[in-house]
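Raw my_file-v2.pdb, PDB, C-alpha atoms, pLDDT in the B column:
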ATOM      1  CA  MET H   1      33.248  27.727   1.404  1.00 64.00           C
ATOM      2  CA  SER H   2      31.483  24.466   0.648  1.00 88.00           C
ATOM      3  CA  LYS H   3      31.848  23.367   4.292  1.00 90.00           C
ATOM      4  CA  ARG H   4      30.035  26.503   5.372  1.00 92.00           C
ATOM      5  CA  ILE H   5      27.218  25.868   2.878  1.00 93.00           C
ATOM      6  CA  GLN H   6      26.907  22.282   4.141  1.00 94.00           C
ATOM      7  CA  ASN H   7      26.617  23.515   7.731  1.00 94.00           C
ATOM      8  CA  ILE H   8      23.941  26.035   6.751  1.00 95.00           C
ATOM      9  CA  ALA H   9      22.030  23.361   4.821  1.00 94.00           C
ATOM     10  CA  LEU H  10      22.177  20.987   7.799  1.00 95.00           C
ATOM     11  CA  ALA H  11      20.936  23.726  10.123  1.00 96.00           C
ATOM     12  CA  VAL H  12      18.023  24.533   7.788  1.00 96.00           C
ATOM     13  CA  ILE H  13      17.098  20.841   7.511  1.00 96.00           C
ATOM     14  CA  ALA H  14      17.252  20.446  11.306  1.00 95.00           C
ATOM     15  CA  LEU H  15      14.983  23.486  11.771  1.00 94.00           C
ATOM     16  CA  LEU H  16      12.490  22.136   9.239  1.00 90.00           C
ATOM     17  CA  ILE H  17      12.387  18.739  10.963  1.00 88.00           C
ATOM     18  CA  ALA H  18      11.892  20.398  14.355  1.00 88.00           C
ATOM     19  CA  TYR H  19       9.100  22.565  12.929  1.00 85.00           C
ATOM     20  CA  ILE H  20       7.339  19.568  11.355  1.00 82.00           C
ATOM     21  CA  LEU H  21       7.578  17.437  14.492  1.00 82.00           C
ATOM     22  CA  PHE H  22       6.877  19.934  17.254  1.00 85.00           C
ATOM     23  CA  PHE H  23       4.600  22.646  15.869  1.00 89.00           C
ATOM     24  CA  PRO H  24       0.859  22.174  15.271  1.00 92.00           C
ATOM     25  CA  SER H  25      -0.338  21.276  11.782  1.00 92.00           C
ATOM     26  CA  PRO H  26      -2.336  23.626   9.532  1.00 92.00           C
ATOM     27  CA  THR H  27      -5.135  21.049   8.974  1.00 94.00           C
ATOM     28  CA  PRO H  28      -6.632  18.319  11.173  1.00 95.00           C
ATOM     29  CA  GLN H  29      -5.845  15.619   8.594  1.00 94.00           C
ATOM     30  CA  LEU H  30      -2.183  16.595   8.613  1.00 93.00           C
ATOM     31  CA  ALA H  31      -2.172  16.463  12.406  1.00 95.00           C
ATOM     32  CA  VAL H  32      -3.515  12.887  12.263  1.00 94.00           C
ATOM     33  CA  ARG H  33      -0.980  11.896   9.600  1.00 92.00           C
ATOM     34  CA  LYS H  34       1.857  13.464  11.598  1.00 93.00           C
ATOM     35  CA  HIS H  35       0.747  11.483  14.646  1.00 92.00           C
ATOM     36  CA  LEU H  36       0.839   8.283  12.576  1.00 92.00           C
ATOM     37  CA  LEU H  37       4.313   9.153  11.335  1.00 89.00           C
ATOM     38  CA  ILE H  38       5.626   9.825  14.837  1.00 89.00           C
ATOM     39  CA  SER H  39       3.928   6.618  16.063  1.00 89.00           C
ATOM     40  CA  PHE H  40       6.126   4.551  13.726  1.00 88.00           C
ATOM     41  CA  HIS H  41       3.478   4.025  11.024  1.00 87.00           C
ATOM     42  CA  PRO H  42       5.156   5.903   8.145  1.00 87.00           C
ATOM     43  CA  ILE H  43       3.451   3.965   5.348  1.00 90.00           C
ATOM     44  CA  LYS H  44       0.043   4.276   7.017  1.00 90.00           C
ATOM     45  CA  ALA H  45       0.650   8.005   7.460  1.00 89.00           C
ATOM     46  CA  VAL H  46       0.725   8.340   3.691  1.00 90.00           C
ATOM     47  CA  SER H  47      -1.689   5.634   2.552  1.00 91.00           C
ATOM     48  CA  ALA H  48      -4.436   5.402   5.208  1.00 91.00           C
ATOM     49  CA  GLU H  49      -7.755   7.133   4.685  1.00 92.00           C
ATOM     50  CA  VAL H  50      -8.495   9.798   7.313  1.00 94.00           C
ATOM     51  CA  ARG H  51     -12.171  10.747   7.696  1.00 94.00           C
ATOM     52  CA  ALA H  52     -13.986  13.155   9.954  1.00 94.00           C
ATOM     53  CA  GLY H  53     -15.892  11.343  12.691  1.00 92.00           C
ATOM     54  CA  SER H  54     -19.321  11.979  14.133  1.00 91.00           C
ATOM     55  CA  ILE H  55     -18.126  14.063  17.089  1.00 92.00           C
ATOM     56  CA  GLN H  56     -17.242  17.687  16.351  1.00 93.00           C
ATOM     57  CA  ASN H  57     -16.415  20.592  18.682  1.00 91.00           C
ATOM     58  CA  ASP H  58     -16.174  18.536  21.866  1.00 91.00           C
ATOM     59  CA  PRO H  59     -15.056  21.006  24.566  1.00 91.00           C
ATOM     60  CA  LYS H  60     -12.574  18.596  26.138  1.00 92.00           C
ATOM     61  CA  TYR H  61     -11.146  16.671  23.181  1.00 92.00           C
ATOM     62  CA  GLY H  62     -11.996  18.570  20.005  1.00 94.00           C
ATOM     63  CA  ASP H  63     -12.941  16.900  16.713  1.00 95.00           C
ATOM     64  CA  LEU H  64     -12.940  13.149  16.116  1.00 95.00           C
ATOM     65  CA  TYR H  65     -11.131  11.678  13.110  1.00 95.00           C
ATOM     66  CA  GLU H  66     -11.147   8.018  12.118  1.00 93.00           C
ATOM     67  CA  ILE H  67      -8.499   5.998  10.318  1.00 92.00           C
ATOM     68  CA  SER H  68      -9.906   3.241   8.141  1.00 84.00           C
ATOM     69  CA  ASP H  69      -7.125   0.687   8.592  1.00 80.00           C
ATOM     70  CA  PRO H  70      -7.649  -2.502  10.644  1.00 78.00           C
ATOM     71  CA  ASP H  71      -3.905  -2.865  11.301  1.00 80.00           C
ATOM     72  CA  ILE H  72      -3.796   0.268  13.464  1.00 81.00           C
ATOM     73  CA  SER H  73      -5.081  -0.399  16.971  1.00 78.00           C
ATOM     74  CA  GLU H  74      -5.649   3.265  17.825  1.00 80.00           C
ATOM     75  CA  SER H  75      -7.852   4.266  14.917  1.00 87.00           C
ATOM     76  CA  PHE H  76      -9.851   7.063  16.616  1.00 92.00           C
ATOM     77  CA  ILE H  77      -7.959  10.312  17.037  1.00 94.00           C
ATOM     78  CA  TYR H  78      -9.219  13.566  18.515  1.00 95.00           C
ATOM     79  CA  VAL H  79      -7.612  16.754  17.248  1.00 96.00           C
ATOM     80  CA  LYS H  80      -8.003  20.154  18.818  1.00 96.00           C
ATOM     81  CA  LYS H  81      -7.413  23.558  17.279  1.00 94.00           C
ATOM     82  CA  SER H  82      -5.140  26.078  18.941  1.00 91.00           C
ATOM     83  CA  LYS H  83      -3.995  29.516  17.828  1.00 92.00           C
ATOM     84  CA  LEU H  84      -1.043  28.006  15.941  1.00 90.00           C
ATOM     85  CA  GLY H  85      -2.908  25.120  14.297  1.00 94.00           C
ATOM     86  CA  TRP H  86      -4.229  21.595  14.917  1.00 95.00           C
ATOM     87  CA  ARG H  87      -2.725  19.111  17.378  1.00 94.00           C
ATOM     88  CA  VAL H  88      -3.641  15.602  18.524  1.00 94.00           C
ATOM     89  CA  ALA H  89      -5.461  15.748  21.865  1.00 94.00           C
ATOM     90  CA  SER H  90      -6.331  12.089  22.453  1.00 92.00           C
ATOM     91  CA  VAL H  91      -5.933   8.701  20.769  1.00 93.00           C
ATOM     92  CA  GLY H  92      -7.834   5.477  21.338  1.00 89.00           C
ATOM     93  CA  SER H  93      -9.491   2.387  19.945  1.00 85.00           C
ATOM     94  CA  GLY H  94     -13.035   3.728  20.271  1.00 77.00           C
ATOM     95  CA  PRO H  95     -14.848   7.040  20.441  1.00 67.00           C
TER      96      PRO H  95
END
Before anything else, please render the file you have as structure tokens.
Amino acid sequence: MSKRIQNIALAVIALLIAYILFFPSPTPQLAVRKHLLISFHPIKAVSAEVRAGSIQNDPKYGDLYEISDPDISESFIYVKKSKLGWRVASVGSGP
């Protein structure tokens, strides 16, 4: 019985990881932090300050968010809202 419970627990954990990685985020800040995590900046994903930029509601890219960390080369991130949530649309070193 314990083997079956372990298999169910592993399946639930795998589904949660897939949901976190592949589905849009509920907030734009979480979308930016998830992008940092996937981009191999796990400490920056937790510790960096994410602020709303000066560009909002751009029809092509969405809303601009800035990361205030000089160690990250791509510190300007556009996020766009879809029906399911927020996703990163574009990343760069300048607006």
Work out how far atom CA of H:Pro59 is from atom CA of H:His41, in Å to one decimal.
->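 Computed distance, atom CA of H:His41 to atom CA of H:Pro59, equals 28.6 Å.
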Residues matched by the PyMOL selection byres ((chain H and resi 29) around 10) as a VMD selection string | chain H and resid 25 to 28 30 to 35 49 to 52 65 to 66 79 86 to 87
Written selection (C-alpha atoms) as a PDB file, keeping the file's coordinate frame:
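So the final result, stored in part25.pdb, reads:
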ATOM      1  CA  SER H  25      -0.338  21.276  11.782  1.00 92.00           C
ATOM      2  CA  PRO H  26      -2.336  23.626   9.532  1.00 92.00           C
ATOM      3  CA  THR H  27      -5.135  21.049   8.974  1.00 94.00           C
ATOM      4  CA  PRO H  28      -6.632  18.319  11.173  1.00 95.00           C
ATOM      5  CA  LEU H  30      -2.183  16.595   8.613  1.00 93.00           C
ATOM      6  CA  ALA H  31      -2.172  16.463  12.406  1.00 95.00           C
ATOM      7  CA  VAL H  32      -3.515  12.887  12.263  1.00 94.00           C
ATOM      8  CA  ARG H  33      -0.980  11.896   9.600  1.00 92.00           C
ATOM      9  CA  LYS H  34       1.857  13.464  11.598  1.00 93.00           C
ATOM     10  CA  HIS H  35       0.747  11.483  14.646  1.00 92.00           C
ATOM     11  CA  GLU H  49      -7.755   7.133   4.685  1.00 92.00           C
ATOM     12  CA  VAL H  50      -8.495   9.798   7.313  1.00 94.00           C
ATOM     13  CA  ARG H  51     -12.171  10.747   7.696  1.00 94.00           C
ATOM     14  CA  ALA H  52     -13.986  13.155   9.954  1.00 94.00           C
ATOM     15  CA  TYR H  65     -11.131  11.678  13.110  1.00 95.00           C
ATOM     16  CA  GLU H  66     -11.147   8.018  12.118  1.00 93.00           C
ATOM     17  CA  VAL H  79      -7.612  16.754  17.248  1.00 96.00           C
ATOM     18  CA  TRP H  86      -4.229  21.595  14.917  1.00 95.00           C
ATOM     19  CA  ARG H  87      -2.725  19.111  17.378  1.00 94.00           C
TER      20      ARG H  87
END
When the PyMOL selection byres ((chain H and resi 91) around 6) is applied to the file above, which residues end up in the set, as a PyMOL selection string?
-> chain H and resi 76-77+90+92
Pull out every residue that the PyMOL selection byres ((chain H and resi 44) around 12) matches in the shown coordinates and put them as a PDB file with C-alpha atoms, in the frame of the given file.
ATOM      1  CA  VAL H  32      -3.515  12.887  12.263  1.00 94.00           C
ATOM      2  CA  ARG H  33      -0.980  11.896   9.600  1.00 92.00           C
ATOM      3  CA  LYS H  34       1.857  13.464  11.598  1.00 93.00           C
ATOM      4  CA  HIS H  35       0.747  11.483  14.646  1.00 92.00           C
ATOM      5  CA  LEU H  36       0.839   8.283  12.576  1.00 92.00           C
ATOM      6  CA  LEU H  37       4.313   9.153  11.335  1.00 89.00           C
ATOM      7  CA  ILE H  38       5.626   9.825  14.837  1.00 89.00           C
ATOM      8  CA  SER H  39       3.928   6.618  16.063  1.00 89.00           C
ATOM      9  CA  PHE H  40       6.126   4.551  13.726  1.00 88.00           C
ATOM     10  CA  HIS H  41       3.478   4.025  11.024  1.00 87.00           C
ATOM     11  CA  PRO H  42       5.156   5.903   8.145  1.00 87.00           C
ATOM     12  CA  ILE H  43       3.451   3.965   5.348  1.00 90.00           C
ATOM     13  CA  ALA H  45       0.650   8.005   7.460  1.00 89.00           C
ATOM     14  CA  VAL H  46       0.725   8.340   3.691  1.00 90.00           C
ATOM     15  CA  SER H  47      -1.689   5.634   2.552  1.00 91.00           C
ATOM     16  CA  ALA H  48      -4.436   5.402   5.208  1.00 91.00           C
ATOM     17  CA  GLU H  49      -7.755   7.133   4.685  1.00 92.00           C
ATOM     18  CA  VAL H  50      -8.495   9.798   7.313  1.00 94.00           C
ATOM     19  CA  ILE H  67      -8.499   5.998  10.318  1.00 92.00           C
ATOM     20  CA  SER H  68      -9.906   3.241   8.141  1.00 84.00           C
ATOM     21  CA  ASP H  69      -7.125   0.687   8.592  1.00 80.00           C
ATOM     22  CA  PRO H  70      -7.649  -2.502  10.644  1.00 78.00           C
ATOM     23  CA  ASP H  71      -3.905  -2.865  11.301  1.00 80.00           C
ATOM     24  CA  ILE H  72      -3.796   0.268  13.464  1.00 81.00           C
ATOM     25  CA  SER H  75      -7.852   4.266  14.917  1.00 87.00           C
TER      26      SER H  75
END
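Atom to atom, atom CA of H:Ala18 and atom CA of H:Leu64 stand 25.9 Å apart.
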Separating atom CA of H:Tyr61 from atom CA of H:Tyr78, to the nearest tenth of an Å, is a gap of 5.9 Å
Output stretch 46-82 of chain H as a PDB file, keeping the file's coordinate frame, making sure N, CA and C atoms are there.
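Result saved to part-v4.pdb:
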ATOM      1  N   VAL H  46       0.900   7.877   5.060  1.00 90.00           N
ATOM      2  CA  VAL H  46       0.725   8.340   3.691  1.00 90.00           C
ATOM      3  C   VAL H  46      -0.476   7.676   3.024  1.00 90.00           C
ATOM      4  N   SER H  47      -0.701   6.386   3.318  1.00 91.00           N
ATOM      5  CA  SER H  47      -1.689   5.634   2.552  1.00 91.00           C
ATOM      6  C   SER H  47      -3.059   5.489   3.215  1.00 91.00           C
ATOM      7  N   ALA H  48      -3.162   5.631   4.521  1.00 91.00           N
ATOM      8  CA  ALA H  48      -4.436   5.402   5.208  1.00 91.00           C
ATOM      9  C   ALA H  48      -5.427   6.519   4.913  1.00 91.00           C
ATOM     10  N   GLU H  49      -6.697   6.149   4.889  1.00 92.00           N
ATOM     11  CA  GLU H  49      -7.755   7.133   4.685  1.00 92.00           C
ATOM     12  C   GLU H  49      -8.128   7.750   6.034  1.00 92.00           C
ATOM     13  N   VAL H  50      -8.137   9.063   6.100  1.00 94.00           N
ATOM     14  CA  VAL H  50      -8.495   9.798   7.313  1.00 94.00           C
ATOM     15  C   VAL H  50      -9.824  10.493   7.050  1.00 94.00           C
ATOM     16  N   ARG H  51     -10.842  10.153   7.865  1.00 94.00           N
ATOM     17  CA  ARG H  51     -12.171  10.747   7.696  1.00 94.00           C
ATOM     18  C   ARG H  51     -12.592  11.460   8.982  1.00 94.00           C
ATOM     19  N   ALA H  52     -13.410  12.460   8.795  1.00 94.00           N
ATOM     20  CA  ALA H  52     -13.986  13.155   9.954  1.00 94.00           C
ATOM     21  C   ALA H  52     -15.005  12.240  10.612  1.00 94.00           C
ATOM     22  N   GLY H  53     -14.968  12.179  11.940  1.00 92.00           N
ATOM     23  CA  GLY H  53     -15.892  11.343  12.691  1.00 92.00           C
ATOM     24  C   GLY H  53     -17.188  12.067  12.998  1.00 92.00           C
ATOM     25  N   SER H  54     -18.002  11.428  13.815  1.00 91.00           N
ATOM     26  CA  SER H  54     -19.321  11.979  14.133  1.00 91.00           C
ATOM     27  C   SER H  54     -19.288  13.027  15.241  1.00 91.00           C
ATOM     28  N   ILE H  55     -18.217  13.114  15.975  1.00 92.00           N
ATOM     29  CA  ILE H  55     -18.126  14.063  17.089  1.00 92.00           C
ATOM     30  C   ILE H  55     -17.313  15.278  16.639  1.00 92.00           C
ATOM     31  N   GLN H  56     -17.907  16.441  16.721  1.00 93.00           N
ATOM     32  CA  GLN H  56     -17.242  17.687  16.351  1.00 93.00           C
ATOM     33  C   GLN H  56     -17.394  18.680  17.494  1.00 93.00           C
ATOM     34  N   ASN H  57     -16.400  19.505  17.694  1.00 91.00           N
ATOM     35  CA  ASN H  57     -16.415  20.592  18.682  1.00 91.00           C
ATOM     36  C   ASN H  57     -16.650  20.116  20.115  1.00 91.00           C
ATOM     37  N   ASP H  58     -16.096  18.982  20.475  1.00 91.00           N
ATOM     38  CA  ASP H  58     -16.174  18.536  21.866  1.00 91.00           C
ATOM     39  C   ASP H  58     -15.313  19.478  22.690  1.00 91.00           C
ATOM     40  N   PRO H  59     -15.833  20.029  23.812  1.00 91.00           N
ATOM     41  CA  PRO H  59     -15.056  21.006  24.566  1.00 91.00           C
ATOM     42  C   PRO H  59     -13.774  20.448  25.165  1.00 91.00           C
ATOM     43  N   LYS H  60     -13.758  19.171  25.501  1.00 92.00           N
ATOM     44  CA  LYS H  60     -12.574  18.596  26.138  1.00 92.00           C
ATOM     45  C   LYS H  60     -11.567  18.066  25.121  1.00 92.00           C
ATOM     46  N   TYR H  61     -12.048  17.357  24.096  1.00 92.00           N
ATOM     47  CA  TYR H  61     -11.146  16.671  23.181  1.00 92.00           C
ATOM     48  C   TYR H  61     -11.028  17.307  21.803  1.00 92.00           C
ATOM     49  N   GLY H  62     -12.044  17.972  21.330  1.00 94.00           N
ATOM     50  CA  GLY H  62     -11.996  18.570  20.005  1.00 94.00           C
ATOM     51  C   GLY H  62     -12.792  17.763  18.996  1.00 94.00           C
ATOM     52  N   ASP H  63     -12.254  17.594  17.800  1.00 95.00           N
ATOM     53  CA  ASP H  63     -12.941  16.900  16.713  1.00 95.00           C
ATOM     54  C   ASP H  63     -12.407  15.480  16.573  1.00 95.00           C
ATOM     55  N   LEU H  64     -13.306  14.553  16.270  1.00 95.00           N
ATOM     56  CA  LEU H  64     -12.940  13.149  16.116  1.00 95.00           C
ATOM     57  C   LEU H  64     -12.610  12.860  14.657  1.00 95.00           C
ATOM     58  N   TYR H  65     -11.514  12.152  14.436  1.00 95.00           N
ATOM     59  CA  TYR H  65     -11.131  11.678  13.110  1.00 95.00           C
ATOM     60  C   TYR H  65     -10.860  10.190  13.200  1.00 95.00           C
ATOM     61  N   GLU H  66     -11.275   9.468  12.148  1.00 93.00           N
ATOM     62  CA  GLU H  66     -11.147   8.018  12.118  1.00 93.00           C
ATOM     63  C   GLU H  66     -10.179   7.611  11.013  1.00 93.00           C
ATOM     64  N   ILE H  67      -9.417   6.565  11.295  1.00 92.00           N
ATOM     65  CA  ILE H  67      -8.499   5.998  10.318  1.00 92.00           C
ATOM     66  C   ILE H  67      -9.072   4.650   9.906  1.00 92.00           C
ATOM     67  N   SER H  68      -9.286   4.473   8.617  1.00 84.00           N
ATOM     68  CA  SER H  68      -9.906   3.241   8.141  1.00 84.00           C
ATOM     69  C   SER H  68      -8.840   2.207   7.783  1.00 84.00           C
ATOM     70  N   ASP H  69      -8.132   1.724   8.792  1.00 80.00           N
ATOM     71  CA  ASP H  69      -7.125   0.687   8.592  1.00 80.00           C
ATOM     72  C   ASP H  69      -7.193  -0.273   9.766  1.00 80.00           C
ATOM     73  N   PRO H  70      -7.516  -1.556   9.522  1.00 78.00           N
ATOM     74  CA  PRO H  70      -7.649  -2.502  10.644  1.00 78.00           C
ATOM     75  C   PRO H  70      -6.328  -2.847  11.329  1.00 78.00           C
ATOM     76  N   ASP H  71      -5.208  -2.546  10.705  1.00 80.00           N
ATOM     77  CA  ASP H  71      -3.905  -2.865  11.301  1.00 80.00           C
ATOM     78  C   ASP H  71      -3.506  -1.887  12.402  1.00 80.00           C
ATOM     79  N   ILE H  72      -4.135  -0.740  12.459  1.00 81.00           N
ATOM     80  CA  ILE H  72      -3.796   0.268  13.464  1.00 81.00           C
ATOM     81  C   ILE H  72      -4.762   0.116  14.635  1.00 81.00           C
ATOM     82  N   SER H  73      -4.223  -0.144  15.811  1.00 78.00           N
ATOM     83  CA  SER H  73      -5.081  -0.399  16.971  1.00 78.00           C
ATOM     84  C   SER H  73      -5.744   0.874  17.490  1.00 78.00           C
ATOM     85  N   GLU H  74      -5.095   1.995  17.351  1.00 80.00           N
ATOM     86  CA  GLU H  74      -5.649   3.265  17.825  1.00 80.00           C
ATOM     87  C   GLU H  74      -6.159   4.041  16.613  1.00 80.00           C
ATOM     88  N   SER H  75      -7.360   3.702  16.162  1.00 87.00           N
ATOM     89  CA  SER H  75      -7.852   4.266  14.917  1.00 87.00           C
ATOM     90  C   SER H  75      -8.797   5.455  15.112  1.00 87.00           C
ATOM     91  N   PHE H  76      -9.033   5.878  16.345  1.00 92.00           N
ATOM     92  CA  PHE H  76      -9.851   7.063  16.616  1.00 92.00           C
ATOM     93  C   PHE H  76      -8.958   8.123  17.249  1.00 92.00           C
ATOM     94  N   ILE H  77      -8.874   9.263  16.598  1.00 94.00           N
ATOM     95  CA  ILE H  77      -7.959  10.312  17.037  1.00 94.00           C
ATOM     96  C   ILE H  77      -8.731  11.629  17.143  1.00 94.00           C
ATOM     97  N   TYR H  78      -8.634  12.239  18.307  1.00 95.00           N
ATOM     98  CA  TYR H  78      -9.219  13.566  18.515  1.00 95.00           C
ATOM     99  C   TYR H  78      -8.150  14.622  18.260  1.00 95.00           C
ATOM    100  N   VAL H  79      -8.512  15.627  17.487  1.00 96.00           N
ATOM    101  CA  VAL H  79      -7.612  16.754  17.248  1.00 96.00           C
ATOM    102  C   VAL H  79      -8.299  18.024  17.739  1.00 96.00           C
ATOM    103  N   LYS H  80      -7.490  18.907  18.245  1.00 96.00           N
ATOM    104  CA  LYS H  80      -8.003  20.154  18.818  1.00 96.00           C
ATOM    105  C   LYS H  80      -7.269  21.327  18.166  1.00 96.00           C
ATOM    106  N   LYS H  81      -8.004  22.382  17.908  1.00 94.00           N
ATOM    107  CA  LYS H  81      -7.413  23.558  17.279  1.00 94.00           C
ATOM    108  C   LYS H  81      -6.910  24.538  18.327  1.00 94.00           C
ATOM    109  N   SER H  82      -5.706  25.029  18.101  1.00 91.00           N
ATOM    110  CA  SER H  82      -5.140  26.078  18.941  1.00 91.00           C
ATOM    111  C   SER H  82      -4.889  27.299  18.058  1.00 91.00           C
TER     112      SER H  82
END
